[in-house]
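Before any comments, here is the structure.
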Amino acid sequence: MMLSFAIAYTAKRFVHRNLVVRGNAATVSPSFSFFWRRAFSGKTSYYYREKLSRNGLSELKLDDAVALFGEMVKSRPFPSIIEFSKLLSAIAKMNKFDVVISLGEQMQNLGMPHNHYTYSILINCFCRRSQLPLALAVLGKMMKLGYEPDIVTLNSLLNGFCHGNRISDAVALVDQMVEMGYKPDTVTFNTLIHGLFLHNKASEAVALIDRMVARGCQPDLFTYGTVVNGLCKRGDIDLALSLLKKMEKGKIEADVVIYNTIIDGLCKYKHMDDAFDLFNKMETKGIRPDVFTYSSLISCLCNYGRWSDASRLLSDMLEKNINPDLVTFSALIDAFVKEGKLVEAEKLYEEMIKRSIDPNIFTYSSLINGFCMLDRLGEAKQMLELMIRKDCLPNVVTYNTLIKGFCKAKRVDKGMELFREMSQRGLVGNTVTYTTLIHGFFQARDCDNAQMVFKQMVSDGVPPNIMTYNTLLDGLCKNGKLEKAMVVFEYLQRSKMEPTIYTYNTMIEGMCKAGKVEDGWDLFCNLSLKGVKPDVVAYNTMISGFCRKGSKEEADSLLKKMKEDGPLPNSGTYNTLIRARLRDGDQAASAELIKEMRSCGFAGDASTIGLVTNMLHDGRLDKSFLDMLS
């Protein structure tokens, strides 16, 4: 029989673990033998009704439920099918669907006929286990025996379609339900709406709302909330606002949850003014904002750098006796840290502690970042130790922040200590970790250890990105290791990774500074062939290289090209050329370049003014040059 096949197909695991069926006789695993051996043939129906009453079921554990089933099937006569239905339903509510299916097979093997309710329970269990073909087989048998499925059964099947990647079948099922005279309820529509969003069919979900109303099924707040939430997650905020207006027309009052969902969506998609308009509207309607409302708005203000407005909103929140939570404090602390307002961030942290709100990893990491930004590395390390003592274990981001702080302060040895510490804690460094350490060693002019970290990175299976290669090339070039940089650069060009303009500028500068200006020029000329447009840095680097080589004509030619085709010359371009002309003693050309530079709104930089000052001191220049520059 199909039902027997269906149940047997899915219930093997539990059967072998707890109830092993041999023929039609049921024997029990040792863990249930105590219960199974007890014969309750004398127990009355009243006894089972009491056991399966609402009070009895509320405290029922799985093992007790299976044991009770054993007692029931040993009783003569059998308890009514209603009592079995109650027991199977209770086990299904424990999400033990395989157990329900196994017990259903036991009943069939013992010759106990299923009724409408037990069939519905089995269909639900197969659907929840994503076994739709078996659920449909049970439905077919149920209807063949003359049992018409009710709306609950069909809703279970609908849920199975929605979660089984059969959304078109789900939509068709609802249409068939209407044709057959069923009246879909809010559960039907809520299930289908949820399924439509699961399959990225937002417009169909919104249209379903109108269909519900047309069919006399007024959507409830939960339905509207489901649609609004789905729309906001997708970024369809305009549709969500439109739905809010439909609710108002239908005289359905949106609750704080729906308002919060839309406000949060508006904040995340940078519609801050609209978010505050909606916030004011909900207050006008007498809907009291909660901590979630304020947290969304405060985070949004912080992201826009509106610290004073965020602080005012926090004060407003406190005046209304709405206590800020961890999310509120963490958002403010992170925002103040990023703005360099560490004092304010520390005050908020102290307020958190006073309110007995435990900081989380995000809060601690933000403060550590703040300390590192101001080179307060001792306090940053103490904060790391504190979070560990508080059982808030740091993650890779936390360690990366601290490692970067120490490397920036040219204490790469401390950065390596932290790297080893995180490894001991079972954390694997990521691309950022290794790239930061490579940069730190190059800053300390320790090329050997920088290359060693890169080799370890590759060995550990951590993929270098273009930032890693740029850091490696920049460090090698600046430390006079052009040949090694060329090896890395050639490997990079053969790989699938796309070098950036920064990569090419680094190599052009490295070549020019090593006296290989022609190689740098060849690379510069090939940029367009690689689909890369030279930027002002590339031009300035080549102009500097030509000036260092004494090729004034080539440098002037590049300046002319910049004026004609772009990018336009900047302060660096003019200052490089002015210094070159001054060193060559070409005062007239220098004066012309200074005038041109000033007309473009640029001034002499520190290097140019320093050179002019020295030349004035030596008597090689007239004071008018310094006046022109300043």
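Within each chain, counting starts at residue 1; across the structure tokens, chains are named A, B, ... in the order shown, with ligands numbered 1 upward in that order.
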Find the spatial neighbours of range 239-248 of chain A, counting only C-alpha atoms, within a cut-off of 10 Å - ignore same-chain residues fewer than 3 positions away - and output them as an mmCIF file with C-alpha atoms, in the first residue's frame.
```cif
data_model
loop_
_atom_site.group_PDB
_atom_site.id
_atom_site.type_symbol
_atom_site.label_atom_id
_atom_site.label_comp_id
_atom_site.auth_asym_id
_atom_site.auth_seq_id
_atom_site.Cartn_x
_atom_site.Cartn_y
_atom_site.Cartn_z
ATOM 1 C CA ALA A 202 7.793 40.560 -4.370
ATOM 2 C CA SER A 203 5.307 42.101 -6.829
ATOM 3 C CA VAL A 206 1.874 42.610 -3.016
ATOM 4 C CA ILE A 209 -2.941 41.415 -0.759
ATOM 5 C CA ASP A 210 -5.445 42.916 -3.232
ATOM 6 C CA PRO A 219 -5.357 40.626 5.645
ATOM 7 C CA ASP A 220 -4.326 40.880 9.281
ATOM 8 C CA LEU A 221 -1.372 42.760 10.762
ATOM 9 C CA TYR A 224 0.936 43.094 6.194
ATOM 10 C CA GLY A 225 3.995 42.783 8.422
ATOM 11 C CA VAL A 227 4.921 41.704 3.106
ATOM 12 C CA VAL A 228 6.437 44.933 4.480
ATOM 13 C CA ASN A 229 9.386 43.021 5.931
ATOM 14 C CA GLY A 230 9.991 41.188 2.653
ATOM 15 C CA LEU A 231 9.838 44.419 0.640
ATOM 16 C CA CYS A 232 12.210 46.292 2.956
ATOM 17 C CA GLY A 235 15.081 47.478 -0.824
ATOM 18 C CA ASP A 236 11.588 48.042 -2.290
ATOM 19 C CA LYS A 251 -8.640 51.414 8.344
ATOM 20 C CA ILE A 252 -6.057 48.914 9.577
ATOM 21 C CA GLU A 253 -3.758 50.595 12.084
ATOM 22 C CA ALA A 254 -0.133 49.645 11.528
ATOM 23 C CA ILE A 258 5.573 47.668 10.821
ATOM 24 C CA TYR A 259 6.693 51.281 11.294
ATOM 25 C CA THR A 261 10.545 47.799 9.644
ATOM 26 C CA ILE A 262 9.967 50.626 7.141
ATOM 27 C CA ILE A 263 12.014 53.169 9.138
ATOM 28 C CA GLY A 265 14.648 50.056 5.596
ATOM 29 C CA LEU A 266 14.645 53.794 4.846
ATOM 30 C CA LEU A 278 7.622 58.509 9.128
#
```
Report as a PyMOL selection string all protein, DNA and RNA residues lying within 10 Å of range 119-128 of chain A, evaluated on only C-alpha atoms, omitting residues in the same chain fewer than 2 positions from it.
chain A and resi 3+6-7+10+85-86+88-89+92-93+95-101+104+114-117+130-139+141-143+147+149-150+152-164
Would you kindly return, as a ChimeraX atom specification, each protein, DNA or RNA residue with an atom no farther than 12 Å from any atom of Asp175 in chain A, considering only C-alpha atoms and excluding same-chain residues fewer than 6 positions away?
/A:154,158,168-169,181-184,188-189,192,208,211-212,215
Can you list, as a list in words, every protein, DNA or RNA residue that comes within 9 Å of Val397 in chain A when you count only C-alpha atoms, leaving out same-chain residues fewer than 2 positions away?
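What passes the distance filter is Ser365, Pro394, Asn395, Tyr399, Asn400, Thr401, Leu402, Val432 and Thr433 of chain A.
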Taking 4 positions as the minimum chain separation for residues in the same chain, which residues sit within 9 Å of Lys61 in chain A when counting only C-alpha atoms? Answer as a PyMOL selection string.
chain A and resi 57+65-66+91+94
File dump, residues just selected, C-alpha atoms, as a CSV table (one decimal), in the first residue's frame:
```
chain,number,residue,atom,x,y,z
A,57,LEU,CA,0.2,17.0,27.0
A,65,ALA,CA,5.0,10.0,24.5
A,66,VAL,CA,6.6,7.0,22.8
A,91,ILE,CA,4.8,14.7,19.0
A,94,MET,CA,7.9,18.7,19.2
```
Skipping near chain neighbours, those fewer than 6 positions away, what residues fall within 12 Å of Asn321 in chain A using only C-alpha atoms, listed as a PDB file with N, CA and C atoms, in the first residue's frame?
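Final output, result_5.pdb:
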```pdb
ATOM      1  N   ARG A 288       3.681  54.717  19.960  1.00  0.00           N
ATOM      2  CA  ARG A 288       4.885  55.012  20.751  1.00  0.00           C
ATOM      3  C   ARG A 288       6.107  54.303  20.167  1.00  0.00           C
ATOM      4  N   PRO A 289       7.132  55.070  19.763  1.00  0.00           N
ATOM      5  CA  PRO A 289       8.362  54.424  19.267  1.00  0.00           C
ATOM      6  C   PRO A 289       9.044  53.640  20.383  1.00  0.00           C
ATOM      7  N   ASP A 290       9.763  52.605  20.004  1.00  0.00           N
ATOM      8  CA  ASP A 290      10.484  51.804  20.998  1.00  0.00           C
ATOM      9  C   ASP A 290      11.984  51.903  20.755  1.00  0.00           C
ATOM     10  N   VAL A 291      12.714  51.097  21.477  1.00  0.00           N
ATOM     11  CA  VAL A 291      14.181  51.159  21.398  1.00  0.00           C
ATOM     12  C   VAL A 291      14.685  50.835  19.997  1.00  0.00           C
ATOM     13  N   LEU A 314      19.137  60.617  21.395  1.00  0.00           N
ATOM     14  CA  LEU A 314      19.404  59.781  22.578  1.00  0.00           C
ATOM     15  C   LEU A 314      18.787  60.421  23.821  1.00  0.00           C
ATOM     16  N   SER A 315      18.935  61.751  23.950  1.00  0.00           N
ATOM     17  CA  SER A 315      18.349  62.466  25.095  1.00  0.00           C
ATOM     18  C   SER A 315      16.829  62.356  25.076  1.00  0.00           C
TER      19      SER A 315
END
```
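Counting from CA of Phe371 in chain A, the distance to CA of Leu297 in chain A is 26.3 Å.
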